[in-house]
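Data block below; observations after.
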Protein chains: 4
Amino acid sequence: MFTHDTQIRIRYSETDQMGYCYYGNYAQFFEIGRVETLRSLGVSYKELEQNGILLPVLNYEVRFIKPALYDDLLTIRTLVKKIPRARVDFDYEVYNENNTLLTTAHTTLVFISAENKKPIPAPEEIVRKLSLYIKE
Amino acid sequence: MFTHDTQIRIRYSETDQMGYCYYGNYAQFFEIGRVETLRSLGVSYKELEQNGILLPVLNYEVRFIKPALYDDLLTIRTLVKKIPRARVDFDYEVYNENNTLLTTAHTTLVFISAENKKPIPAPEEIVRKLSLYIKE
Amino acid sequence: MFTHDTQIRIRYSETDQMGYCYYGNYAQFFEIGRVETLRSLGVSYKELEQNGILLPVLNYEVRFIKPALYDDLLTIRTLVKKIPRARVDFDYEVYNENNTLLTTAHTTLVFISAENKKPIPAPEEIVRKLSLYIKE
Amino acid sequence: MFTHDTQIRIRYSETDQMGYCYYGNYAQFFEIGRVETLRSLGVSYKELEQNGILLPVLNYEVRFIKPALYDDLLTIRTLVKKIPRARVDFDYEVYNENNTLLTTAHTTLVFISAENKKPIPAPEEIVRKLSLYIKE
């Protein structure tokens, strides 16, 4: 398994009138989690796109255990458990500063060609780097 | 089962550089779907809150079949299949103008007291109105 | 002068913990205002882009007089006072259901070529249609 | 004058199909700029609110010189030039990693009482701390 932690602080714009971080904003946090996970492996998602590879989301599931609040400094833990093929799975855990688990989530994304929007195999660089951490 | 259709048009702000509606924005569309579903039953979510009842999301699952694009006029179909108790489940289907199914989703929300944040039974008015449509 | 009214309803996601519509969201409302203004003239902003014309914002000024609140049904009034050349100016007024003026704003946008990002003259169709309403 | 620099990275969700950071998102960046400016002075905006002080935006002006792009690491420079009274003015400059000026902006906010929404003087702590840097 490969895990990576990144931190984000809840913006005022991300609160709602319930005083919680709006449930729709977590999708952005998980996007940051996976982009920073790739960056920690030396892979730039920006460059993937420039090389004609897109990575849209197929499935997204999230469970809200406790709310995140304004100005909370959250840890987004991203977990990769399987070597990606055409698809890549990420798990996520969100913790606040007291190390309380607030949220868990899962996404499945698919590597596609920007040109024809057809699925393609995971880039060899990502497979090779993750293989150092994930034994199958 | 009770179903309700509402329409939204994809804003430029909701696109991303892939040219798709960003996956995180659908949470807002489903919020609109359930608020308009309640409104069609004569229930104002705004007034629920003013009466001390909050309705945070516990679980949210979404499956992306085809992308929504800029300026698409989407139909958000919201389905209620069970009479709510402390929790309420909504299913969603998103169609574009060609009646192509783009997205399906499910949320579970919980009625809580604004005062003490404890779960409470679904408001009697909602239960009564949905009972006209849902036989259990 | 050419004016056009369009309506939007404040989403829960657009509120903040102050109980107001977050000040950053108005930019989206004004985008809707100008896109619907163009549509009312028979011009699709989507098609403009497909024809290689982009319309980024150069300047944006907004004055907040009274807050918009959750579930408010707002009228976005968009005003075009001058025939556009390379640049196009829009003024905006936001009213709530009591016809109270909540917000005024102004944007300047510039027509550019998608290909080389250089300024280009306003599309002849827009100039011609606005000329029916604006005397200079 | 008091100045403070903070950094943000452009999220995928913040891009639009023009490939630019959407113009409406900068309002969030400036919110971060002023909150981090206050934090650098030892003032927590979160605690201000908990003490019954709100700080809504009255005016916001922004000029877009060059676009910010996906994954850009931006520096938000926040400038306070005058000691606040009931109102507080912030200026902003946004730079990319090449130190190119992308955007300038100005906001005026007003200190109000959460209880009755009436203007109140700037908190003494903020005035005192800024007075160390701003000579009038």
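Ligands are numbered from 1 in the order shown, chains are lettered A, B, ... in the order of the structure tokens, and residues start at 1 in each chain.
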
- prompt: Got a sec: who's within 9 Å of range 119-129 of chain D, counting only C-alpha atoms, leaving out chain neighbours fewer than 5 positions off, as a PyMOL selection string?
  reply: chain D and resi 38+41-43+48+53+83-88+110-113

message: as a VMD selection string, please: every residue in chain C that a backbone DSSP assignment puts in strand (DSSP E or B).
response: chain C and resid 2 to 9 15 21 53 to 54 57 to 64 73 to 80 87 to 95 101 to 110 112 to 113 119

message: Only residues of chain C matter here; which ones have an atom within 12 Å of chain A, counting only C-alpha atoms? Give them as a list in words.
response: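 Residues of chain C within 12 Å of chain A, counting only C-alpha atoms: Ile10, Arg11, Tyr12, Ser13, Glu14, Thr15, Asp16, Gln17, Met18, Gly19, Tyr20, Cys21, Tyr22, Tyr23, Gly24, Asn25, Leu69, Tyr70 and Asp71 of chain C.
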
message: Can you pull out the residues contacting Glu97 in chain B? Cut-off 9 Å, using only C-alpha atoms, and skip same-chain residues under 2 positions away; I want them as a PyMOL selection string.
response: chain B and resi 72-75+95+99-100

query: Can you list, as a PyMOL selection string, every protein, DNA or RNA residue that comes within 12 Å of Lys82 in chain B when you count only C-alpha atoms, leaving out same-chain residues fewer than 5 positions away?
result: chain B and resi 1-3+87-91+108+126-127+130-136

field: Neighbour list for range 102-105 of chain D as a list in words, cut-off 7 Å, only C-alpha atoms, skip fewer than 4 positions in-chain
entry: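 The neighbour list is Glu61, Val62, Arg63, Phe64, Ile65, Lys66, Pro67, Ala68, Asp91, Tyr92, Glu93, Val94, Tyr95 and Asn96 of chain D.
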
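Here the helix (DSSP H, G or I) residues in range 35-134 of chain C, by DSSP on the backbone, are Val35, Glu36, Thr37, Leu38, Arg39, Ser40, Tyr45, Lys46, Glu47, Leu48, Glu49, Gln50, Glu124, Glu125, Ile126, Val127, Arg128, Lys129, Leu130 and Ser131 of chain C.
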
Residues from last step as file, N, CA and C atoms, as an mmCIF file, in the first residue's frame:
data_model
loop_
_atom_site.group_PDB
_atom_site.id
_atom_site.type_symbol
_atom_site.label_atom_id
_atom_site.label_comp_id
_atom_site.auth_asym_id
_atom_site.auth_seq_id
_atom_site.Cartn_x
_atom_site.Cartn_y
_atom_site.Cartn_z
ATOM 1 N N VAL C 35 -24.465 35.487 -20.222
ATOM 2 C CA VAL C 35 -24.733 34.392 -21.154
ATOM 3 C C VAL C 35 -26.211 34.386 -21.557
ATOM 4 N N GLU C 36 -27.092 34.611 -20.591
ATOM 5 C CA GLU C 36 -28.523 34.624 -20.917
ATOM 6 C C GLU C 36 -28.896 35.883 -21.700
ATOM 7 N N THR C 37 -28.191 36.979 -21.464
ATOM 8 C CA THR C 37 -28.397 38.195 -22.265
ATOM 9 C C THR C 37 -28.051 37.923 -23.724
ATOM 10 N N LEU C 38 -26.905 37.272 -23.941
ATOM 11 C CA LEU C 38 -26.525 36.924 -25.310
ATOM 12 C C LEU C 38 -27.552 35.964 -25.917
ATOM 13 N N ARG C 39 -27.986 34.970 -25.122
ATOM 14 C CA ARG C 39 -28.960 34.001 -25.647
ATOM 15 C C ARG C 39 -30.244 34.717 -26.067
ATOM 16 N N SER C 40 -30.656 35.723 -25.282
ATOM 17 C CA SER C 40 -31.895 36.453 -25.611
ATOM 18 C C SER C 40 -31.742 37.216 -26.932
ATOM 19 N N TYR C 45 -23.165 31.647 -26.390
ATOM 20 C CA TYR C 45 -21.756 31.783 -25.999
ATOM 21 C C TYR C 45 -21.011 30.475 -26.259
ATOM 22 N N LYS C 46 -21.707 29.365 -26.077
ATOM 23 C CA LYS C 46 -21.094 28.056 -26.365
ATOM 24 C C LYS C 46 -20.616 27.983 -27.815
ATOM 25 N N GLU C 47 -21.467 28.457 -28.725
ATOM 26 C CA GLU C 47 -21.099 28.420 -30.147
ATOM 27 C C GLU C 47 -19.981 29.407 -30.463
ATOM 28 N N LEU C 48 -19.997 30.558 -29.795
ATOM 29 C CA LEU C 48 -18.878 31.497 -29.977
ATOM 30 C C LEU C 48 -17.561 30.772 -29.712
ATOM 31 N N GLU C 49 -17.524 30.037 -28.591
ATOM 32 C CA GLU C 49 -16.290 29.322 -28.241
ATOM 33 C C GLU C 49 -15.959 28.263 -29.285
ATOM 34 N N GLN C 50 -17.000 27.563 -29.734
ATOM 35 C CA GLN C 50 -16.765 26.526 -30.752
ATOM 36 C C GLN C 50 -16.245 27.136 -32.045
ATOM 37 N N GLU C 124 -19.588 40.315 -35.497
ATOM 38 C CA GLU C 124 -20.479 41.222 -36.224
ATOM 39 C C GLU C 124 -21.940 40.993 -35.824
ATOM 40 N N GLU C 125 -22.299 39.733 -35.569
ATOM 41 C CA GLU C 125 -23.682 39.413 -35.208
ATOM 42 C C GLU C 125 -24.095 40.124 -33.915
ATOM 43 N N ILE C 126 -23.198 40.134 -32.934
ATOM 44 C CA ILE C 126 -23.511 40.783 -31.656
ATOM 45 C C ILE C 126 -23.635 42.290 -31.855
ATOM 46 N N VAL C 127 -22.719 42.866 -32.604
ATOM 47 C CA VAL C 127 -22.751 44.309 -32.852
ATOM 48 C C VAL C 127 -24.060 44.700 -33.540
ATOM 49 N N ARG C 128 -24.414 43.925 -34.553
ATOM 50 C CA ARG C 128 -25.615 44.225 -35.327
ATOM 51 C C ARG C 128 -26.872 44.140 -34.464
ATOM 52 N N LYS C 129 -26.970 43.084 -33.652
ATOM 53 C CA LYS C 129 -28.175 42.917 -32.839
ATOM 54 C C LYS C 129 -28.274 43.975 -31.751
ATOM 55 N N LEU C 130 -27.152 44.303 -31.123
ATOM 56 C CA LEU C 130 -27.188 45.324 -30.070
ATOM 57 C C LEU C 130 -27.470 46.706 -30.661
ATOM 58 N N SER C 131 -27.063 46.906 -31.921
ATOM 59 C CA SER C 131 -27.271 48.218 -32.561
ATOM 60 C C SER C 131 -28.755 48.540 -32.705
#

- prompt: In Å, how far is it from CA of Leu58 in chain B to CA of Arg34 in chain A?
  reply: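 According to the coordinates, CA of Leu58 in chain B and CA of Arg34 in chain A are separated by 22.7 Å.
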
- prompt: For the atom pair CA of Gln7 in chain C and CA of Leu101 in chain C, what is the interatomic distance in Å to one decimal place?
  reply: 14.0 Å
